[in-house]
Amino acid sequence: MPQTFEKTFFLETFGCQMNVHDSEKVIGTLIAQGYRQVENVEEAGLVLFNTCSIRDKAEQKVFHRLNDFKKLKKQGKRFGVLGCVAQQEGEKIFERAPYVSLVAGSASYRNLPQMLVQLEAGNSRVTGLDDRQTDETFETEFTARSNPHRGYITIIEGCDKFCSYCIVPYTRGKERSRSSDSVLSEAHRMAEAGYTEIQLLGQNVNSYLDPSGRKSFAQLLAAVGEAPGIHRVRFTTSHPRDFTRDIVEAIDSLPTLCDHVHLPVQSGSSKTLRAMMRLYTREEYLERIRWIKEARRPISITTDIIVGFPGETNSDFEETITLLDEVGYDGVFAFKYSPRPHTPALSMIDSIGDEEKSKRLAIVLERQREIQRTSYCRHVGSIIEVMVEGKNEARGQWIGRTSQNKTLNFTAAAEKSPQIGSYHPIRVTASFPNSLVGEIVA
Ligand code: SAH
Ligand code: SF4
Ligand code: F3S
């Protein structure tokens, strides 16, 4: 007789928004299979980790967590590893952590119901690892979205870019887009259910290629923005190579499309960009920035930077700093280069020591802080609409998000307490490098 386990599950998510949204779909699928979600590991029959392996640290975190809970296996619990570490390490996870009995990458979640049946039958090595070459996307009617106002829709899965440092094409498989009809019907269903903000997701969301041939990315974006009831549409992440001018034109002509583009540059040096296999030069990147800045609406721009890529000289790094100044980003996510398995950059000598990487990272963050200190100031005195996200009770402030994706904390008289998810105009009274402060406009 196989040892049975309770149909309760705990799921912890690491990594990017794609993973967060995958988890919402996994949760919905489990619930549809008769499972109940619980808030802590102790109560769960099945413990799942949806993992990230973008940098070594992220990967190590997962194995630490698994180790912490190892002893719980004796209580009859099952453990499952999902996501990017699962796909990257595959069956090796069973060797490293023998108490794990499910290992599945994101390209196989369509088959989760069958995997659960195997698990319930007592199979202690259930895998979903073979589907990276699939053309199928993971579409489910059971998505359990965690926020009732704002929700994600994945429009494109996988990645075909193969930047030389990046593990994603190996963990998420080949690029495949959902049909525009399917995306739009999900957007309409969400609007009917009361969602007012939709965020379209993809590793390279603007590389979207409608399998039905009906809509370009910009057209799909506009169509989602025109869904009745939808007040805000965001999209992330855009790859500079596939960033076309019609995206800016769509934002310019449709107020529901948010004033924000996240356009990861990675480096300001064309030489480093070539070694990274990013498929654009500094000049080509700056041309896209020009399109965005020429828009009639003030479109906020944010980016990702990698410091200490193999061979990055002081002068290459200096070019990243001058790029920060030239673009004047509203936000930067900066990372130290981390060598990843399978990637071409792994065979280049990781020539820059950790201390130097840390130094460069600190310089980027410090420079960027100064840029934002100045640029956030510009909002003081203006009135900006926010979506209310929550309340900071300790400070007595409400937390709002602007169309430009900036945090705007504000006060409101007790009798005028706004509802979470509602929209309000706020007068900006002060600014910090990472947030704005204001008061609700009566
Ligand atoms: N598809 C997106 C990014 C996805 S990963 C794009 O192409 O822009 C998110 C960010 O993680 C990347 O933009 C990059 O800055 C960072 N990253 C990816 N691989 C990394 C690595 N090996 N070391 C350090 N940072 C990395
Ligand atoms: Fe990774 Fe490059 Fe694909 Fe982005 S585009 S996910 S950085 S390989
Ligand atoms: Fe991490 Fe995978 Fe996302 S590696 S960043 S969870 S695509």
# chains A, B, ... in the order shown; residues from 1 in each chain; ligands from 1
$ residues_near_ligand --ligand "ligand 2" --cutoff "9 Å" --atoms "only C-alpha atoms and all ligand atoms" --output "MDAnalysis selection string"
chainID A and resid 54 158:170 172 202:204 237:239 264 266 276:278
$ write_last_selection --atoms "N, CA and C atoms" --output "PDB file, in the first residue's frame"
ATOM      1  N   ILE A  54      18.111  32.265 -11.601  1.00  0.00           N
ATOM      2  CA  ILE A  54      18.693  33.324 -12.429  1.00  0.00           C
ATOM      3  C   ILE A  54      20.119  33.656 -11.990  1.00  0.00           C
ATOM      4  N   GLY A 158       8.710  31.192 -22.392  1.00  0.00           N
ATOM      5  CA  GLY A 158      10.008  30.786 -22.914  1.00  0.00           C
ATOM      6  C   GLY A 158      10.817  31.955 -23.453  1.00  0.00           C
ATOM      7  N   CYS A 159      11.993  31.646 -23.979  1.00  0.00           N
ATOM      8  CA  CYS A 159      12.852  32.681 -24.556  1.00  0.00           C
ATOM      9  C   CYS A 159      13.788  32.065 -25.587  1.00  0.00           C
ATOM     10  N   ASP A 160      13.889  32.730 -26.747  1.00  0.00           N
ATOM     11  CA  ASP A 160      14.794  32.263 -27.815  1.00  0.00           C
ATOM     12  C   ASP A 160      16.025  33.146 -27.963  1.00  0.00           C
ATOM     13  N   LYS A 161      16.254  34.076 -27.036  1.00  0.00           N
ATOM     14  CA  LYS A 161      17.314  35.048 -27.251  1.00  0.00           C
ATOM     15  C   LYS A 161      18.709  34.512 -26.904  1.00  0.00           C
ATOM     16  N   PHE A 162      18.799  33.648 -25.936  1.00  0.00           N
ATOM     17  CA  PHE A 162      20.086  33.065 -25.550  1.00  0.00           C
ATOM     18  C   PHE A 162      21.186  34.096 -25.296  1.00  0.00           C
ATOM     19  N   CYS A 163      20.897  35.107 -24.497  1.00  0.00           N
ATOM     20  CA  CYS A 163      21.959  36.011 -24.044  1.00  0.00           C
ATOM     21  C   CYS A 163      23.008  35.147 -23.360  1.00  0.00           C
ATOM     22  N   SER A 164      24.283  35.518 -23.513  1.00  0.00           N
ATOM     23  CA  SER A 164      25.329  34.548 -23.166  1.00  0.00           C
ATOM     24  C   SER A 164      25.423  34.249 -21.674  1.00  0.00           C
ATOM     25  N   TYR A 165      24.841  35.085 -20.828  1.00  0.00           N
ATOM     26  CA  TYR A 165      24.932  34.883 -19.376  1.00  0.00           C
ATOM     27  C   TYR A 165      23.713  34.198 -18.791  1.00  0.00           C
ATOM     28  N   CYS A 166      22.662  33.994 -19.584  1.00  0.00           N
ATOM     29  CA  CYS A 166      21.333  33.774 -18.995  1.00  0.00           C
ATOM     30  C   CYS A 166      20.840  32.336 -19.086  1.00  0.00           C
ATOM     31  N   ILE A 167      20.264  31.887 -18.003  1.00  0.00           N
ATOM     32  CA  ILE A 167      19.799  30.495 -17.915  1.00  0.00           C
ATOM     33  C   ILE A 167      18.372  30.301 -18.426  1.00  0.00           C
ATOM     34  N   VAL A 168      17.642  31.405 -18.571  1.00  0.00           N
ATOM     35  CA  VAL A 168      16.205  31.289 -18.845  1.00  0.00           C
ATOM     36  C   VAL A 168      15.851  30.426 -20.078  1.00  0.00           C
ATOM     37  N   PRO A 169      16.549  30.582 -21.217  1.00  0.00           N
ATOM     38  CA  PRO A 169      16.164  29.756 -22.366  1.00  0.00           C
ATOM     39  C   PRO A 169      16.296  28.254 -22.074  1.00  0.00           C
ATOM     40  N   TYR A 170      17.173  27.912 -21.121  1.00  0.00           N
ATOM     41  CA  TYR A 170      17.362  26.496 -20.783  1.00  0.00           C
ATOM     42  C   TYR A 170      16.326  26.026 -19.763  1.00  0.00           C
ATOM     43  N   ARG A 172      13.147  27.662 -19.270  1.00  0.00           N
ATOM     44  CA  ARG A 172      11.756  27.901 -19.665  1.00  0.00           C
ATOM     45  C   ARG A 172      11.456  27.432 -21.075  1.00  0.00           C
ATOM     46  N   GLY A 202       5.813  38.323 -20.045  1.00  0.00           N
ATOM     47  CA  GLY A 202       6.628  37.458 -20.882  1.00  0.00           C
ATOM     48  C   GLY A 202       8.078  37.768 -20.590  1.00  0.00           C
ATOM     49  N   GLN A 203       8.966  36.802 -20.763  1.00  0.00           N
ATOM     50  CA  GLN A 203      10.398  37.103 -20.607  1.00  0.00           C
ATOM     51  C   GLN A 203      10.783  38.215 -21.567  1.00  0.00           C
ATOM     52  N   ASN A 204      10.203  38.154 -22.775  1.00  0.00           N
ATOM     53  CA  ASN A 204      10.325  39.241 -23.739  1.00  0.00           C
ATOM     54  C   ASN A 204       8.928  39.460 -24.272  1.00  0.00           C
ATOM     55  N   THR A 237       8.604  41.827 -19.574  1.00  0.00           N
ATOM     56  CA  THR A 237       9.707  42.739 -19.789  1.00  0.00           C
ATOM     57  C   THR A 237       9.891  42.959 -21.281  1.00  0.00           C
ATOM     58  N   SER A 238      10.287  44.145 -21.670  1.00  0.00           N
ATOM     59  CA  SER A 238      10.520  44.403 -23.088  1.00  0.00           C
ATOM     60  C   SER A 238      11.984  44.166 -23.440  1.00  0.00           C
ATOM     61  N   HIS A 239      12.222  43.485 -24.544  1.00  0.00           N
ATOM     62  CA  HIS A 239      13.603  43.335 -25.028  1.00  0.00           C
ATOM     63  C   HIS A 239      13.879  44.462 -26.028  1.00  0.00           C
ATOM     64  N   PRO A 264      15.342  46.608 -20.148  1.00  0.00           N
ATOM     65  CA  PRO A 264      16.646  46.225 -19.609  1.00  0.00           C
ATOM     66  C   PRO A 264      17.773  46.445 -20.615  1.00  0.00           C
ATOM     67  N   GLN A 266      21.311  46.185 -19.570  1.00  0.00           N
ATOM     68  CA  GLN A 266      22.385  45.298 -19.073  1.00  0.00           C
ATOM     69  C   GLN A 266      23.753  45.968 -19.027  1.00  0.00           C
ATOM     70  N   MET A 276      27.740  39.846 -24.449  1.00  0.00           N
ATOM     71  CA  MET A 276      26.529  39.323 -23.780  1.00  0.00           C
ATOM     72  C   MET A 276      25.537  38.737 -24.789  1.00  0.00           C
ATOM     73  N   MET A 277      25.798  38.941 -26.076  1.00  0.00           N
ATOM     74  CA  MET A 277      24.898  38.534 -27.160  1.00  0.00           C
ATOM     75  C   MET A 277      23.512  39.158 -26.997  1.00  0.00           C
ATOM     76  N   ARG A 278      23.509  40.469 -26.728  1.00  0.00           N
ATOM     77  CA  ARG A 278      22.231  41.163 -26.503  1.00  0.00           C
ATOM     78  C   ARG A 278      21.563  41.627 -27.809  1.00  0.00           C
TER      79      ARG A 278
END
$ select_by_dssp --residues "segment 233-324 of chain A" --states "alpha helix (DSSP H)" --output "NGL selection string"
:A and (245-253 or 270-275 or 282-293 or 314-324)
$ closest_residue --among "A:Phe63, A:Phe333, A:Phe138, A:Phe14" --to "Ala107 of chain A" --atoms "only C-alpha atoms"
A:Phe138
$ closest_atom_pairs --of "segment 120-217 of chain A" --to "segment 377-396 of chain A" --cutoff "10 Å" --atoms "only C-alpha atoms" --output "tab-separated table"
residue	atom	partner	partner_atom	distance
A:Asn147	CA	A:Glu389	CA	9.9
A:His149	CA	A:Glu389	CA	9.3
A:Arg150	CA	A:Glu389	CA	9.7
A:Thr196	CA	A:Met387	CA	9.6
A:Glu197	CA	A:Met387	CA	9.2
$ residues_near_ligand --ligand "ligand 3" --cutoff "8 Å" --atoms "only C-alpha atoms and all ligand atoms" --output "VMD selection string"
chain A and resid 14 to 19 50 to 55 58 83 to 85 167 to 168 171 to 172 203
$ atom_distance --atom1 "atom CA of Gly400 of chain A" --atom2 "atom CA of Glu12 of chain A"
26.1 Å
$ closest_residue --among "A:Glu39, A:Glu186, A:Glu89, A:Glu356" --to "Val62 of chain A" --atoms "only C-alpha atoms"
A:Glu89
$ closest_residue --among "A:Val364, A:Val205, A:Ala295, A:Ile306" --to "Asp325 of chain A" --atoms "only C-alpha atoms"
A:Val364
$ closest_residue --among "A:Tyr109, A:Phe79, A:Phe309, A:Tyr285" --to "Leu323 of chain A" --atoms "only C-alpha atoms"
A:Tyr285
$ select_by_dssp --residues "segment 124-236 of chain A" --states "strand (DSSP E)" --output "PyMOL selection string"
chain A and resi 126-128+150-154+156-157+176-177+197-201+232-236
$ atom_distance --atom1 "atom CA of Phe94 of chain A" --atom2 "atom CA of Arg125 of chain A"
7.4 Å
$ residues_around --residues "Leu129 of chain A" --least-positions-apart "3" --cutoff "9 Å" --atoms "only C-alpha atoms" --output "list in words"
Ala86, Gln87, Gly90, Glu91, Val103, Ala104, Gly105, Ser106, Ala107, Ser108 and Arg132 of chain A
$ residues_around --residues "His424 of chain A" --least-positions-apart "4" --cutoff "12 Å" --atoms "only C-alpha atoms" --output "mmCIF file with all heavy atoms, in the first residue's frame"
data_model
loop_
_atom_site.group_PDB
_atom_site.id
_atom_site.type_symbol
_atom_site.label_atom_id
_atom_site.label_comp_id
_atom_site.auth_asym_id
_atom_site.auth_seq_id
_atom_site.Cartn_x
_atom_site.Cartn_y
_atom_site.Cartn_z
ATOM 1 N N ILE A 383 -0.541 66.927 -9.450
ATOM 2 C CA ILE A 383 -1.589 66.006 -8.993
ATOM 3 C C ILE A 383 -1.513 64.747 -9.845
ATOM 4 O O ILE A 383 -1.528 64.819 -11.078
ATOM 5 C CB ILE A 383 -2.984 66.666 -9.101
ATOM 6 C CG1 ILE A 383 -3.069 67.802 -8.068
ATOM 7 C CG2 ILE A 383 -4.093 65.651 -8.876
ATOM 8 C CD1 ILE A 383 -4.333 68.626 -8.146
ATOM 9 N N ILE A 384 -1.367 63.607 -9.165
ATOM 10 C CA ILE A 384 -1.175 62.346 -9.887
ATOM 11 C C ILE A 384 -2.201 61.325 -9.389
ATOM 12 O O ILE A 384 -2.462 61.228 -8.192
ATOM 13 C CB ILE A 384 0.250 61.775 -9.646
ATOM 14 C CG1 ILE A 384 1.321 62.823 -9.964
ATOM 15 C CG2 ILE A 384 0.485 60.525 -10.476
ATOM 16 C CD1 ILE A 384 2.753 62.334 -9.754
ATOM 17 N N GLU A 385 -2.740 60.552 -10.320
ATOM 18 C CA GLU A 385 -3.697 59.523 -9.919
ATOM 19 C C GLU A 385 -2.954 58.276 -9.433
ATOM 20 O O GLU A 385 -1.965 57.857 -10.037
ATOM 21 C CB GLU A 385 -4.580 59.139 -11.109
ATOM 22 C CG GLU A 385 -5.676 58.164 -10.710
ATOM 23 C CD GLU A 385 -6.430 57.601 -11.902
ATOM 24 O OE1 GLU A 385 -5.803 56.921 -12.753
ATOM 25 O OE2 GLU A 385 -7.637 57.850 -11.999
ATOM 26 N N VAL A 386 -3.451 57.693 -8.338
ATOM 27 C CA VAL A 386 -2.872 56.429 -7.872
ATOM 28 C C VAL A 386 -3.950 55.354 -7.787
ATOM 29 O O VAL A 386 -5.134 55.655 -7.646
ATOM 30 C CB VAL A 386 -2.235 56.534 -6.460
ATOM 31 C CG1 VAL A 386 -1.088 57.516 -6.442
ATOM 32 C CG2 VAL A 386 -3.275 56.875 -5.403
ATOM 33 N N MET A 387 -3.497 54.107 -7.843
ATOM 34 C CA MET A 387 -4.355 53.003 -7.412
ATOM 35 C C MET A 387 -3.941 52.717 -5.977
ATOM 36 O O MET A 387 -2.738 52.619 -5.676
ATOM 37 C CB MET A 387 -4.145 51.755 -8.261
ATOM 38 C CG MET A 387 -5.086 50.612 -7.838
ATOM 39 S SD MET A 387 -4.466 48.999 -8.274
ATOM 40 C CE MET A 387 -5.804 48.369 -9.256
ATOM 41 N N VAL A 388 -4.920 52.602 -5.084
ATOM 42 C CA VAL A 388 -4.613 52.373 -3.671
ATOM 43 C C VAL A 388 -4.252 50.901 -3.469
ATOM 44 O O VAL A 388 -5.013 50.010 -3.852
ATOM 45 C CB VAL A 388 -5.812 52.756 -2.773
ATOM 46 C CG1 VAL A 388 -5.447 52.586 -1.304
ATOM 47 C CG2 VAL A 388 -6.254 54.182 -3.070
ATOM 48 N N GLU A 389 -3.073 50.663 -2.886
ATOM 49 C CA GLU A 389 -2.592 49.286 -2.725
ATOM 50 C C GLU A 389 -2.681 48.773 -1.300
ATOM 51 O O GLU A 389 -2.656 47.573 -1.066
ATOM 52 C CB GLU A 389 -1.134 49.195 -3.175
ATOM 53 C CG GLU A 389 -0.970 49.340 -4.659
ATOM 54 C CD GLU A 389 0.422 48.976 -5.127
ATOM 55 O OE1 GLU A 389 1.379 49.104 -4.331
ATOM 56 O OE2 GLU A 389 0.549 48.569 -6.288
ATOM 57 N N TRP A 398 -1.540 55.926 3.420
ATOM 58 C CA TRP A 398 -1.994 54.964 2.412
ATOM 59 C C TRP A 398 -0.879 54.785 1.383
ATOM 60 O O TRP A 398 -0.098 55.702 1.145
ATOM 61 C CB TRP A 398 -3.271 55.469 1.746
ATOM 62 C CG TRP A 398 -4.410 55.527 2.711
ATOM 63 C CD1 TRP A 398 -4.749 56.586 3.497
ATOM 64 C CD2 TRP A 398 -5.313 54.474 3.035
ATOM 65 N NE1 TRP A 398 -5.822 56.268 4.296
ATOM 66 C CE2 TRP A 398 -6.187 54.958 4.023
ATOM 67 C CE3 TRP A 398 -5.477 53.151 2.579
ATOM 68 C CZ2 TRP A 398 -7.204 54.190 4.570
ATOM 69 C CZ3 TRP A 398 -6.498 52.394 3.112
ATOM 70 C CH2 TRP A 398 -7.346 52.897 4.096
ATOM 71 N N ILE A 399 -0.866 53.593 0.776
ATOM 72 C CA ILE A 399 0.169 53.318 -0.225
ATOM 73 C C ILE A 399 -0.501 53.304 -1.597
ATOM 74 O O ILE A 399 -1.456 52.547 -1.810
ATOM 75 C CB ILE A 399 0.851 51.958 0.038
ATOM 76 C CG1 ILE A 399 1.419 51.932 1.458
ATOM 77 C CG2 ILE A 399 1.938 51.681 -1.005
ATOM 78 C CD1 ILE A 399 1.723 50.533 1.963
ATOM 79 N N GLY A 400 -0.023 54.155 -2.493
ATOM 80 C CA GLY A 400 -0.606 54.199 -3.835
ATOM 81 C C GLY A 400 0.458 53.945 -4.890
ATOM 82 O O GLY A 400 1.656 54.097 -4.627
ATOM 83 N N ARG A 401 0.009 53.565 -6.088
ATOM 84 C CA ARG A 401 0.936 53.370 -7.212
ATOM 85 C C ARG A 401 0.481 54.241 -8.365
ATOM 86 O O ARG A 401 -0.697 54.269 -8.708
ATOM 87 C CB ARG A 401 0.962 51.900 -7.613
ATOM 88 C CG ARG A 401 1.998 51.581 -8.700
ATOM 89 C CD ARG A 401 2.371 50.130 -8.681
ATOM 90 N NE ARG A 401 2.948 49.751 -7.410
ATOM 91 C CZ ARG A 401 4.234 49.919 -7.081
ATOM 92 N NH1 ARG A 401 5.075 50.434 -7.949
ATOM 93 N NH2 ARG A 401 4.674 49.555 -5.900
ATOM 94 N N THR A 402 1.424 54.953 -8.959
ATOM 95 C CA THR A 402 1.088 55.829 -10.076
ATOM 96 C C THR A 402 1.160 55.043 -11.386
ATOM 97 O O THR A 402 1.698 53.931 -11.427
ATOM 98 C CB THR A 402 2.074 57.022 -10.164
ATOM 99 O OG1 THR A 402 3.353 56.509 -10.593
ATOM 100 C CG2 THR A 402 2.243 57.723 -8.825
ATOM 101 N N SER A 403 0.638 55.644 -12.434
ATOM 102 C CA SER A 403 0.706 55.016 -13.756
ATOM 103 C C SER A 403 2.161 54.752 -14.134
ATOM 104 O O SER A 403 2.499 53.750 -14.753
ATOM 105 C CB SER A 403 0.041 55.942 -14.779
ATOM 106 O OG SER A 403 0.280 55.514 -16.083
ATOM 107 N N LEU A 408 3.474 56.182 -4.285
ATOM 108 C CA LEU A 408 3.094 57.506 -3.788
ATOM 109 C C LEU A 408 2.308 57.283 -2.483
ATOM 110 O O LEU A 408 1.165 56.829 -2.505
ATOM 111 C CB LEU A 408 2.240 58.226 -4.838
ATOM 112 C CG LEU A 408 2.106 59.755 -4.790
ATOM 113 C CD1 LEU A 408 1.276 60.262 -5.952
ATOM 114 C CD2 LEU A 408 1.627 60.326 -3.512
ATOM 115 N N ASN A 409 2.949 57.538 -1.354
ATOM 116 C CA ASN A 409 2.294 57.366 -0.057
ATOM 117 C C ASN A 409 1.539 58.638 0.274
ATOM 118 O O ASN A 409 2.055 59.737 0.095
ATOM 119 C CB ASN A 409 3.352 57.087 1.015
ATOM 120 C CG ASN A 409 4.116 55.809 0.699
ATOM 121 O OD1 ASN A 409 3.516 54.781 0.388
ATOM 122 N ND2 ASN A 409 5.438 55.872 0.743
ATOM 123 N N PHE A 410 0.307 58.478 0.759
ATOM 124 C CA PHE A 410 -0.491 59.693 0.958
ATOM 125 C C PHE A 410 -1.372 59.601 2.199
ATOM 126 O O PHE A 410 -1.655 58.520 2.702
ATOM 127 C CB PHE A 410 -1.352 59.968 -0.282
ATOM 128 C CG PHE A 410 -2.371 58.899 -0.565
ATOM 129 C CD1 PHE A 410 -3.679 59.030 -0.120
ATOM 130 C CD2 PHE A 410 -2.027 57.762 -1.270
ATOM 131 C CE1 PHE A 410 -4.628 58.049 -0.384
ATOM 132 C CE2 PHE A 410 -2.959 56.767 -1.532
ATOM 133 C CZ PHE A 410 -4.264 56.914 -1.091
ATOM 134 N N THR A 411 -1.783 60.752 2.645
ATOM 135 C CA THR A 411 -2.689 60.814 3.787
ATOM 136 C C THR A 411 -4.098 61.163 3.301
ATOM 137 O O THR A 411 -4.264 61.793 2.244
ATOM 138 C CB THR A 411 -2.228 61.898 4.791
ATOM 139 O OG1 THR A 411 -1.980 63.102 4.056
ATOM 140 C CG2 THR A 411 -0.961 61.483 5.501
ATOM 141 N N ALA A 412 -5.087 60.747 4.076
ATOM 142 C CA ALA A 412 -6.489 61.062 3.766
ATOM 143 C C ALA A 412 -7.212 61.203 5.097
ATOM 144 O O ALA A 412 -6.902 60.463 6.035
ATOM 145 C CB ALA A 412 -7.109 59.943 2.938
ATOM 146 N N LYS A 416 -12.576 60.006 4.962
ATOM 147 C CA LYS A 416 -12.414 59.832 3.507
ATOM 148 C C LYS A 416 -11.502 58.652 3.177
ATOM 149 O O LYS A 416 -10.857 58.620 2.126
ATOM 150 C CB LYS A 416 -11.819 61.104 2.900
ATOM 151 C CG LYS A 416 -12.743 62.290 2.973
ATOM 152 C CD LYS A 416 -12.578 63.174 1.736
ATOM 153 C CE LYS A 416 -13.523 64.353 1.773
ATOM 154 N NZ LYS A 416 -13.104 65.393 2.729
ATOM 155 N N SER A 417 -11.416 57.678 4.100
ATOM 156 C CA SER A 417 -10.544 56.517 3.877
ATOM 157 C C SER A 417 -10.822 55.872 2.526
ATOM 158 O O SER A 417 -11.949 55.457 2.262
ATOM 159 C CB SER A 417 -10.782 55.473 4.972
ATOM 160 O OG SER A 417 -10.158 55.888 6.143
ATOM 161 N N PRO A 418 -9.820 55.785 1.660
ATOM 162 C CA PRO A 418 -10.065 55.185 0.342
ATOM 163 C C PRO A 418 -10.097 53.657 0.426
ATOM 164 O O PRO A 418 -9.544 53.074 1.354
ATOM 165 C CB PRO A 418 -8.854 55.646 -0.466
ATOM 166 C CG PRO A 418 -7.771 55.840 0.539
ATOM 167 C CD PRO A 418 -8.424 56.233 1.826
ATOM 168 N N GLN A 419 -10.732 53.040 -0.538
ATOM 169 C CA GLN A 419 -10.767 51.580 -0.582
ATOM 170 C C GLN A 419 -9.564 51.046 -1.343
ATOM 171 O O GLN A 419 -9.129 51.665 -2.322
ATOM 172 C CB GLN A 419 -12.018 51.136 -1.315
ATOM 173 C CG GLN A 419 -13.268 51.491 -0.557
ATOM 174 C CD GLN A 419 -14.353 50.457 -0.782
ATOM 175 O OE1 GLN A 419 -14.525 49.999 -1.914
ATOM 176 N NE2 GLN A 419 -15.053 50.107 0.271
ATOM 177 N N ILE A 420 -9.078 49.897 -0.894
ATOM 178 C CA ILE A 420 -7.987 49.245 -1.623
ATOM 179 C C ILE A 420 -8.491 48.946 -3.044
ATOM 180 O O ILE A 420 -9.600 48.452 -3.229
ATOM 181 C CB ILE A 420 -7.579 47.908 -0.952
ATOM 182 C CG1 ILE A 420 -7.300 48.090 0.550
ATOM 183 C CG2 ILE A 420 -6.400 47.266 -1.681
ATOM 184 C CD1 ILE A 420 -6.064 48.833 0.901
ATOM 185 N N GLY A 438 2.231 62.489 -0.553
ATOM 186 C CA GLY A 438 1.213 63.470 -0.914
ATOM 187 C C GLY A 438 -0.031 63.365 -0.063
ATOM 188 O O GLY A 438 -0.066 62.639 0.934
ATOM 189 N N GLU A 439 -1.044 64.135 -0.484
ATOM 190 C CA GLU A 439 -2.316 64.070 0.233
ATOM 191 C C GLU A 439 -3.447 63.957 -0.780
ATOM 192 O O GLU A 439 -3.365 64.504 -1.886
ATOM 193 C CB GLU A 439 -2.486 65.316 1.127
ATOM 194 C CG GLU A 439 -2.361 66.601 0.348
ATOM 195 C CD GLU A 439 -1.981 67.809 1.222
ATOM 196 O OE1 GLU A 439 -1.455 67.628 2.319
ATOM 197 O OE2 GLU A 439 -2.229 68.926 0.747
ATOM 198 N N ILE A 440 -4.491 63.254 -0.363
ATOM 199 C CA ILE A 440 -5.606 63.004 -1.273
ATOM 200 C C ILE A 440 -6.277 64.335 -1.622
ATOM 201 O O ILE A 440 -6.362 65.237 -0.785
ATOM 202 C CB ILE A 440 -6.595 61.996 -0.628
ATOM 203 C CG1 ILE A 440 -7.460 61.315 -1.687
ATOM 204 C CG2 ILE A 440 -7.458 62.669 0.431
ATOM 205 C CD1 ILE A 440 -8.106 60.025 -1.175
ATOM 206 N N VAL A 441 -6.695 64.470 -2.873
ATOM 207 C CA VAL A 441 -7.364 65.707 -3.292
ATOM 208 C C VAL A 441 -8.857 65.541 -3.034
ATOM 209 O O VAL A 441 -9.466 64.561 -3.470
ATOM 210 C CB VAL A 441 -7.104 65.983 -4.800
ATOM 211 C CG1 VAL A 441 -7.865 67.212 -5.252
ATOM 212 C CG2 VAL A 441 -5.613 66.127 -5.041
ATOM 213 N N ALA A 442 -9.410 66.498 -2.291
ATOM 214 C CA ALA A 442 -10.825 66.352 -1.887
ATOM 215 C C ALA A 442 -11.728 66.377 -3.110
ATOM 216 O O ALA A 442 -11.443 67.060 -4.084
ATOM 217 C CB ALA A 442 -11.194 67.476 -0.936
#
$ closest_residue --among "A:Glu319, A:Glu59, A:Asp246, A:Glu370" --to "ligand 1" --atoms "only C-alpha atoms and all ligand atoms"
A:Glu59
